[in-house]
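What follows is the content of data_30.cif (mmCIF, C-alpha atoms and all ligand atoms).
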data_start
#
loop_
_atom_site.label_atom_id
_atom_site.label_comp_id
_atom_site.auth_asym_id
_atom_site.auth_seq_id
_atom_site.Cartn_x
_atom_site.Cartn_y
_atom_site.Cartn_z
CA MET A 1 -9.21 22.29 6.59
CA LYS A 2 -6.35 21.73 4.21
CA ALA A 3 -3.74 24.34 3.51
CA GLU A 4 -0.27 24.07 2.17
CA LEU A 5 0.61 21.33 -0.33
CA LEU A 6 3.59 19.56 1.24
CA TYR A 7 4.23 16.84 -1.30
CA GLU A 8 2.79 15.45 -4.50
CA GLY A 9 3.33 11.80 -5.38
CA LYS A 10 2.14 9.75 -8.35
CA ALA A 11 -1.19 8.80 -6.78
CA LYS A 12 -1.71 11.26 -3.89
CA GLN A 13 -1.15 14.79 -2.70
CA VAL A 14 -0.22 15.47 0.92
CA TYR A 15 -1.48 18.65 2.60
CA ARG A 16 -0.80 20.11 6.01
CA ASP A 17 -3.95 20.45 8.14
CA THR A 18 -4.01 24.09 9.27
CA GLU A 19 -6.10 23.33 12.34
CA ALA A 20 -3.91 20.51 13.65
CA PRO A 21 -0.19 20.65 12.98
CA ASP A 22 0.30 16.97 13.82
CA ARG A 23 -2.16 15.89 11.12
CA LEU A 24 -2.00 15.63 7.37
CA ILE A 25 -4.62 15.36 4.64
CA LEU A 26 -4.09 12.77 1.91
CA ALA A 27 -5.87 13.65 -1.33
CA TYR A 28 -6.18 10.66 -3.67
CA LYS A 29 -5.70 11.47 -7.36
CA ASN A 30 -7.28 9.83 -10.40
CA ASP A 31 -3.85 9.17 -11.91
CA ALA A 32 -2.48 5.68 -12.37
CA THR A 33 1.17 5.02 -13.15
CA ALA A 34 3.24 1.89 -13.62
CA PHE A 35 6.88 1.00 -14.24
CA ASN A 36 8.07 4.01 -12.23
CA GLY A 37 5.87 6.44 -14.12
CA LYS A 38 6.72 5.16 -17.63
CA LYS A 39 3.06 4.20 -18.18
CA GLN A 40 0.48 6.79 -17.17
CA ALA A 41 -3.26 7.31 -17.41
CA SER A 42 -6.08 9.00 -15.54
CA PHE A 43 -9.32 7.27 -14.50
CA THR A 44 -12.21 9.43 -13.34
CA GLY A 45 -13.28 8.05 -9.97
CA LYS A 46 -10.07 6.16 -9.12
CA GLY A 47 -9.22 8.66 -6.34
CA ARG A 48 -12.61 8.12 -4.69
CA LEU A 49 -12.30 4.33 -4.95
CA ASN A 50 -8.81 4.15 -3.41
CA ASN A 51 -9.69 6.66 -0.68
CA GLU A 52 -12.72 4.55 0.27
CA ILE A 53 -10.96 1.19 -0.04
CA SER A 54 -7.88 2.28 1.93
CA ALA A 55 -10.05 3.88 4.65
CA ARG A 56 -11.99 0.63 5.08
CA ILE A 57 -8.83 -1.48 5.21
CA PHE A 58 -7.14 0.76 7.78
CA ALA A 59 -10.33 0.77 9.91
CA TYR A 60 -10.29 -3.04 9.75
CA LEU A 61 -6.62 -3.09 10.85
CA HIS A 62 -7.54 -0.85 13.82
CA GLU A 63 -10.22 -3.41 14.79
CA GLN A 64 -7.44 -6.03 14.74
CA GLY A 65 -5.36 -3.93 17.18
CA ILE A 66 -2.87 -2.66 14.58
CA GLU A 67 -1.87 0.96 14.99
CA THR A 68 -1.83 3.09 11.82
CA HIS A 69 -1.70 6.74 10.80
CA PHE A 70 -5.33 6.71 9.58
CA ILE A 71 -7.81 8.93 11.47
CA GLU A 72 -10.89 9.36 9.26
CA LYS A 73 -12.18 9.84 5.76
CA GLN A 74 -13.07 13.50 5.25
CA ASN A 75 -14.80 13.46 1.90
CA GLU A 76 -14.89 11.39 -1.29
CA THR A 77 -11.22 11.76 -2.15
CA GLU A 78 -9.52 12.92 1.06
CA GLN A 79 -8.61 11.40 4.40
CA LEU A 80 -7.11 12.74 7.62
CA VAL A 81 -4.00 10.99 8.96
CA ARG A 82 -1.47 11.45 11.74
CA GLN A 83 1.70 13.16 10.59
CA THR A 84 4.70 10.85 10.37
CA GLU A 85 8.11 11.03 8.83
CA ILE A 86 8.06 8.27 6.21
CA ILE A 87 10.78 5.62 6.57
CA PRO A 88 12.34 5.72 3.09
CA PHE A 89 11.85 2.10 2.09
CA GLU A 90 8.88 0.08 0.89
CA VAL A 91 8.16 -3.20 2.65
CA VAL A 92 6.78 -5.84 0.28
CA VAL A 93 5.26 -9.05 1.64
CA ARG A 94 4.77 -11.96 -0.77
CA ASN A 95 2.58 -15.03 -0.25
CA LEU A 96 2.71 -16.18 -3.88
CA ALA A 97 5.18 -15.35 -6.62
CA ALA A 98 4.11 -12.60 -9.04
CA GLY A 99 5.61 -9.45 -10.52
CA SER A 100 9.24 -8.52 -10.00
CA ILE A 101 10.26 -11.61 -8.00
CA THR A 102 9.32 -13.91 -10.90
CA ARG A 103 11.63 -11.96 -13.22
CA ARG A 104 14.41 -11.45 -10.67
CA LEU A 105 14.64 -15.06 -9.47
CA GLY A 106 13.17 -16.91 -12.48
CA LEU A 107 10.28 -18.25 -10.39
CA GLU A 108 7.02 -19.40 -11.88
CA GLU A 109 4.00 -17.23 -11.11
CA LYS A 110 1.96 -18.69 -8.19
CA THR A 111 4.97 -20.37 -6.52
CA SER A 112 3.88 -20.38 -2.90
CA PHE A 113 6.02 -18.93 -0.10
CA THR A 114 5.72 -20.43 3.38
CA PRO A 115 6.68 -18.47 5.39
CA PRO A 116 5.88 -15.34 3.37
CA ILE A 117 8.85 -13.46 1.89
CA VAL A 118 9.55 -9.91 3.07
CA GLU A 119 11.53 -7.60 0.77
CA LEU A 120 12.69 -4.00 1.14
CA PHE A 121 12.91 -1.47 -1.71
CA TYR A 122 14.64 1.90 -1.34
CA LYS A 123 12.23 4.74 -2.19
CA ASP A 124 14.20 6.59 -4.84
CA ASP A 125 12.63 7.20 -8.25
CA ALA A 126 15.95 8.22 -9.81
CA LEU A 127 17.35 4.79 -8.87
CA ASP A 128 14.11 2.97 -9.85
CA ASP A 129 13.38 1.91 -6.24
CA PRO A 130 16.08 -0.79 -5.95
CA LEU A 131 15.77 -3.93 -3.84
CA ILE A 132 17.94 -3.50 -0.72
CA ASN A 133 19.08 -5.75 2.11
CA ASP A 134 18.87 -5.11 5.87
CA GLN A 135 22.31 -3.51 6.06
CA HIS A 136 21.42 -1.15 3.22
CA ALA A 137 18.19 -0.24 5.04
CA LEU A 138 20.09 0.57 8.23
CA LEU A 139 22.50 2.71 6.24
CA LEU A 140 19.81 4.58 4.27
CA ALA A 141 17.11 5.06 6.92
CA ARG A 142 17.49 6.44 10.42
CA ILE A 143 16.34 3.30 12.19
CA THR A 144 17.89 0.84 14.60
CA GLU A 145 18.27 -2.91 14.10
CA SER A 146 15.48 -3.58 16.56
CA GLU A 147 13.19 -1.10 14.77
CA LEU A 148 13.88 -2.90 11.48
CA ARG A 149 13.00 -6.21 13.14
CA GLU A 150 9.83 -4.62 14.53
CA ILE A 151 8.84 -3.28 11.08
CA LYS A 152 9.20 -6.73 9.51
CA GLU A 153 7.25 -8.37 12.34
CA LYS A 154 4.48 -5.78 11.94
CA ALA A 155 4.42 -6.39 8.18
CA LEU A 156 3.87 -10.12 8.79
CA THR A 157 1.15 -9.46 11.37
CA ILE A 158 -0.55 -7.13 8.87
CA ASN A 159 -0.20 -9.83 6.20
CA ALA A 160 -2.03 -12.36 8.39
CA ALA A 161 -4.83 -9.85 9.12
CA LEU A 162 -5.18 -8.84 5.47
CA GLN A 163 -5.14 -12.45 4.21
CA GLU A 164 -8.13 -13.11 6.46
CA LEU A 165 -9.94 -9.95 5.32
CA PHE A 166 -9.44 -10.70 1.63
CA LEU A 167 -10.29 -14.38 2.03
CA SER A 168 -13.65 -13.26 3.47
CA ILE A 169 -14.36 -11.44 0.18
CA ASN A 170 -13.15 -14.31 -2.01
CA LEU A 171 -9.74 -12.89 -2.87
CA THR A 172 -6.23 -14.31 -2.50
CA LEU A 173 -3.72 -11.76 -1.19
CA VAL A 174 -0.76 -12.51 -3.47
CA ASP A 175 1.54 -9.68 -2.33
CA PHE A 176 1.41 -6.06 -1.18
CA LYS A 177 3.52 -3.04 -0.35
CA LEU A 178 3.55 -1.15 2.95
CA GLU A 179 5.16 2.07 4.11
CA PHE A 180 5.90 2.91 7.71
CA GLY A 181 6.31 6.33 9.32
CA ARG A 182 7.73 7.71 12.54
CA LEU A 183 5.54 9.80 14.84
CA ALA A 184 7.00 12.78 16.74
CA SER A 185 7.00 10.48 19.81
CA GLY A 186 9.49 8.21 18.01
CA CYS A 187 7.04 5.31 17.52
CA ILE A 188 6.93 3.69 14.09
CA ILE A 189 3.43 2.98 12.72
CA LEU A 190 1.87 1.86 9.46
CA ALA A 191 1.35 4.78 7.05
CA ASP A 192 0.54 5.51 3.38
CA GLU A 193 -2.28 3.49 1.75
CA ILE A 194 -3.47 -0.07 1.17
CA SER A 195 -5.49 -0.39 -2.03
CA PRO A 196 -5.57 -2.33 -5.31
CA ASP A 197 -2.73 0.02 -6.37
CA THR A 198 -0.50 -1.49 -3.70
CA CYS A 199 -1.72 -5.11 -3.48
CA ARG A 200 -2.05 -8.04 -5.86
CA LEU A 201 -5.45 -9.66 -5.39
CA TRP A 202 -6.67 -12.70 -7.32
CA ASP A 203 -10.27 -13.86 -7.36
CA ILE A 204 -10.40 -17.26 -5.65
CA ASP A 205 -12.97 -18.76 -8.05
CA THR A 206 -11.88 -17.34 -11.40
CA GLN A 207 -8.17 -16.57 -10.64
CA GLU A 208 -8.77 -13.19 -12.33
CA LYS A 209 -6.42 -10.35 -11.40
CA MET A 210 -8.34 -7.73 -9.41
CA ASP A 211 -5.71 -5.01 -8.94
CA LYS A 212 -3.44 -2.54 -10.75
CA ASP A 213 -1.93 -5.40 -12.79
CA VAL A 214 -4.92 -5.00 -15.16
CA PHE A 215 -3.51 -1.54 -15.95
CA ARG A 216 0.18 -2.55 -15.81
CA GLN A 217 -0.44 -5.45 -18.23
CA GLY A 218 -3.31 -3.82 -20.18
CA THR A 219 -5.57 -6.81 -19.55
CA GLY A 220 -8.69 -5.24 -18.09
CA ASP A 221 -10.60 -2.19 -16.90
CA LEU A 222 -9.05 -0.67 -13.77
CA LEU A 223 -12.26 1.06 -12.62
CA ASP A 224 -14.31 -2.12 -13.05
CA VAL A 225 -12.04 -4.20 -10.83
CA TYR A 226 -11.55 -1.47 -8.18
CA ASN A 227 -15.35 -1.07 -8.05
CA VAL A 228 -15.72 -4.81 -7.44
CA ILE A 229 -13.19 -4.67 -4.57
CA LEU A 230 -15.04 -1.78 -2.92
CA GLN A 231 -18.41 -3.46 -3.42
CA ARG A 232 -17.17 -6.67 -1.80
CA LEU A 233 -15.71 -4.74 1.15
CA GLU A 234 -19.01 -2.87 1.58
CA ASP A 235 -21.03 -6.10 1.42
CA ARG A 236 -18.81 -7.79 4.03
CA ILE A 237 -20.27 -8.52 7.52
P1 LIG B 301 6.59 -5.93 -7.56
O1 LIG B 301 6.26 -7.36 -7.85
O2 LIG B 301 6.51 -5.04 -8.75
O3 LIG B 301 7.88 -5.80 -6.79
O4 LIG B 301 5.42 -5.41 -6.55
C1 LIG B 301 5.17 -6.03 -5.32
C2 LIG B 301 3.92 -5.42 -4.70
O5 LIG B 301 4.15 -4.06 -4.35
C3 LIG B 301 2.70 -5.42 -5.60
O6 LIG B 301 1.55 -5.75 -4.82
C4 LIG B 301 2.58 -4.01 -6.09
C5 LIG B 301 3.21 -3.20 -4.99
N1 LIG B 301 3.94 -2.05 -5.48
C6 LIG B 301 3.59 -0.78 -5.07
O7 LIG B 301 2.65 -0.61 -4.29
N2 LIG B 301 4.32 0.27 -5.52
C7 LIG B 301 5.36 0.14 -6.36
O8 LIG B 301 5.98 1.13 -6.73
C8 LIG B 301 5.72 -1.19 -6.78
C9 LIG B 301 6.88 -1.41 -7.72
C10 LIG B 301 4.98 -2.25 -6.31
N1 LIG B 302 3.90 2.79 -8.42
C1 LIG B 302 4.92 2.61 -9.40
C2 LIG B 302 4.80 3.61 -10.52
O1 LIG B 302 4.16 4.54 -10.48
C3 LIG B 302 5.09 1.23 -9.91
C4 LIG B 302 3.97 0.24 -9.91
O2 LIG B 302 3.08 0.30 -9.08
O3 LIG B 302 4.00 -0.65 -10.77
O4 LIG B 302 5.33 3.61 -11.57
#
What does this structure look like when you write it as structure tokens?
Amino acid sequence: MKAELLYEGKAKQVYRDTEAPDRLILAYKNDATAFNGKKQASFTGKGRLNNEISARIFAYLHEQGIETHFIEKQNETEQLVRQTEIIPFEVVVRNLAAGSITRRLGLEEKTSFTPPIVELFYKDDALDDPLINDQHALLLARITESELREIKEKALTINAALQELFLSINLTLVDFKLEFGRLASGCIILADEISPDTCRLWDIDTQEKMDKDVFRQGTGDLLDVYNVILQRLEDRI
């Protein structure tokens, strides 16, 4: 049972669960935004697709022994999660160069990173989510040095698990964004969502972009590619 709307982001609403105060309900919206909200559109069915895709990916991570906030999908567009206090930076893991790192460092798209590169971005729309270093993260978030180390290690473990998952459905995991949250117990676990909104995925055979870049760059139909991702995840096993 959802009650009070706690927070509304660009792609999701967060509700308090009246029956369980330590749980939240994430309601996925049909809205898509890019460039910090400068480009906007709505796609009927996007909320259902991302709810389903993210639920499947978090269930897979649980099978791999990775703790997350995800509990269960409740209906087409909503899922139940454990309540956490979100650590206010995004953790981006990059296996191949694409997006902002190509512009920032003048790298060619597809430049390969071994080991993968981990970057932190401060979650602040007014500042356009700037890239920050470790010292900035310690200053801006209430975390210790060892917690920051632990977050980066978890991000790399999740990268290895996700690379294997996506490889099994013929996709290269180029890069992705994670958010972590702190439980009342103090533990830090994976939170938020993992979907084609938050990952770059390239088809291994055709090299086609199968993620939100089709909307960012106006090169394809967002619903078509998200449907393909869900279909491939459903057909897996
Ligand atoms: P970037 O290349 O724009 O820095 O994006 C890196 C990855 O993070 C890419 O997979 C898209 C994802 N991402 C988000 O999930 N949310 C965001 O607000 C941004 C900027 C990127
Ligand atoms: N999520 C961000 C926005 O809404 C940026 C992006 O994903 O490109 O604008």
Exercise for review: Using all atoms listed in the file, find all polymer residues with an atom at most 6 Å away from the point (8.4, 12.8, 13.2); report them as a PyMOL selection string.
Suggested key: chain A and resi 84-85+182-184
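Nearest residue to A:Leu26, choosing from A:Leu6, A:Ala98, A:Leu80, A:Leu49 and counting all atoms listed in the file: A:Leu80.
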Review point. Which distance in Å separates atom CA of A:Gln83 and atom CA of A:Asp22, to one decimal?
Key: 5.2 Å
Contacts to ligand LIG 301 (chain B) at 9 Å cut-off (all atoms listed in the file) as an mmCIF file with C-alpha atoms, in the coordinates of the input:
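Printed below is result.cif as written:
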data_model
loop_
_atom_site.group_PDB
_atom_site.id
_atom_site.type_symbol
_atom_site.label_atom_id
_atom_site.label_comp_id
_atom_site.auth_asym_id
_atom_site.auth_seq_id
_atom_site.Cartn_x
_atom_site.Cartn_y
_atom_site.Cartn_z
ATOM 1 C CA THR A 33 1.170 5.020 -13.150
ATOM 2 C CA ALA A 34 3.240 1.890 -13.620
ATOM 3 C CA PHE A 35 6.880 1.000 -14.240
ATOM 4 C CA ASN A 36 8.070 4.010 -12.230
ATOM 5 C CA GLU A 90 8.880 0.080 0.890
ATOM 6 C CA VAL A 91 8.160 -3.200 2.650
ATOM 7 C CA VAL A 92 6.780 -5.840 0.280
ATOM 8 C CA VAL A 93 5.260 -9.050 1.640
ATOM 9 C CA ARG A 94 4.770 -11.960 -0.770
ATOM 10 C CA ALA A 97 5.180 -15.350 -6.620
ATOM 11 C CA ALA A 98 4.110 -12.600 -9.040
ATOM 12 C CA GLY A 99 5.610 -9.450 -10.520
ATOM 13 C CA SER A 100 9.240 -8.520 -10.000
ATOM 14 C CA ILE A 101 10.260 -11.610 -8.000
ATOM 15 C CA THR A 102 9.320 -13.910 -10.900
ATOM 16 C CA ARG A 103 11.630 -11.960 -13.220
ATOM 17 C CA GLU A 119 11.530 -7.600 0.770
ATOM 18 C CA PHE A 121 12.910 -1.470 -1.710
ATOM 19 C CA LYS A 123 12.230 4.740 -2.190
ATOM 20 C CA ASP A 128 14.110 2.970 -9.850
ATOM 21 C CA ASP A 129 13.380 1.910 -6.240
ATOM 22 C CA LEU A 131 15.770 -3.930 -3.840
ATOM 23 C CA LEU A 173 -3.720 -11.760 -1.190
ATOM 24 C CA VAL A 174 -0.760 -12.510 -3.470
ATOM 25 C CA ASP A 175 1.540 -9.680 -2.330
ATOM 26 C CA PHE A 176 1.410 -6.060 -1.180
ATOM 27 C CA LYS A 177 3.520 -3.040 -0.350
ATOM 28 C CA LEU A 178 3.550 -1.150 2.950
ATOM 29 C CA GLU A 193 -2.280 3.490 1.750
ATOM 30 C CA ILE A 194 -3.470 -0.070 1.170
ATOM 31 C CA SER A 195 -5.490 -0.390 -2.030
ATOM 32 C CA PRO A 196 -5.570 -2.330 -5.310
ATOM 33 C CA ASP A 197 -2.730 0.020 -6.370
ATOM 34 C CA THR A 198 -0.500 -1.490 -3.700
ATOM 35 C CA CYS A 199 -1.720 -5.110 -3.480
ATOM 36 C CA ARG A 200 -2.050 -8.040 -5.860
ATOM 37 C CA LEU A 201 -5.450 -9.660 -5.390
ATOM 38 C CA ASP A 211 -5.710 -5.010 -8.940
ATOM 39 C CA LYS A 212 -3.440 -2.540 -10.750
ATOM 40 C CA ASP A 213 -1.930 -5.400 -12.790
#
Study note, to complete from the structure: Shortest contact to A:Leu223, candidates A:Arg56, A:Lys110, A:Lys46, A:Arg149, atoms counted only C-alpha atoms, goes to A:Lys46
Exercise for review: Rank A:Ile188, A:Val225, A:Ala41, A:Ile169 by their smallest atom-to-atom distance to ligand LIG 302 (chain B), using only C-alpha atoms and all ligand atoms, and report the top residue only.
Suggested key: A:Ala41
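Note that atom CA of A:Thr68 and atom CA of A:Leu156 are 14.7 Å apart.
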Point to revise | atom CA of A:Glu179 to atom CA of A:Ile25, distance in Å rounded to a single decimal | key: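 If I compute the distance from atom CA of A:Glu179 to atom CA of A:Ile25, I get 16.5 Å.
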Could you give me the centre and size, in Å to one decimal, of an axis-aligned box around all listed atoms of stretch 98-106 of chain A with 4 Å added on every side, as lines of an AutoDock Vina configuration file?
center_x = 9.4
center_y = -12.7
center_z = -10.6
size_x = 18.5
size_y = 16.4
size_z = 13.2
Practice item. Counting only C-alpha atoms and all ligand atoms, figure out which residue out of A:Asp124, A:Glu52, A:Glu72, A:Glu78 gets nearest to ligand LIG 302 (chain B). Key: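 Nearest to ligand LIG 302 (chain B): A:Asp124.
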Check your understanding: When distances are computed from only C-alpha atoms and all ligand atoms, which of A:Ile86, A:Ala126, A:Val81, A:Leu167 shows the smallest separation from ligand LIG 302 (chain B)?
Key ->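 The answer is A:Ala126, which sits nearest to ligand LIG 302 (chain B).
Taking all atoms listed in the file, the non-local environment of stretch 203-210 of chain A within 8 Å (same-chain residues fewer than 5 positions away omitted) comprises Asn170, Leu171, Thr172, Pro196, Val225, Tyr226 and Ile229 of chain A.
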Review point. Pick from A:Pro115, A:Gly220, A:Gly181, A:Gly37: nearest to A:His69, with only C-alpha atoms counted?
Key: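 With only C-alpha atoms as the atom set, the closest residue is A:Gly181.
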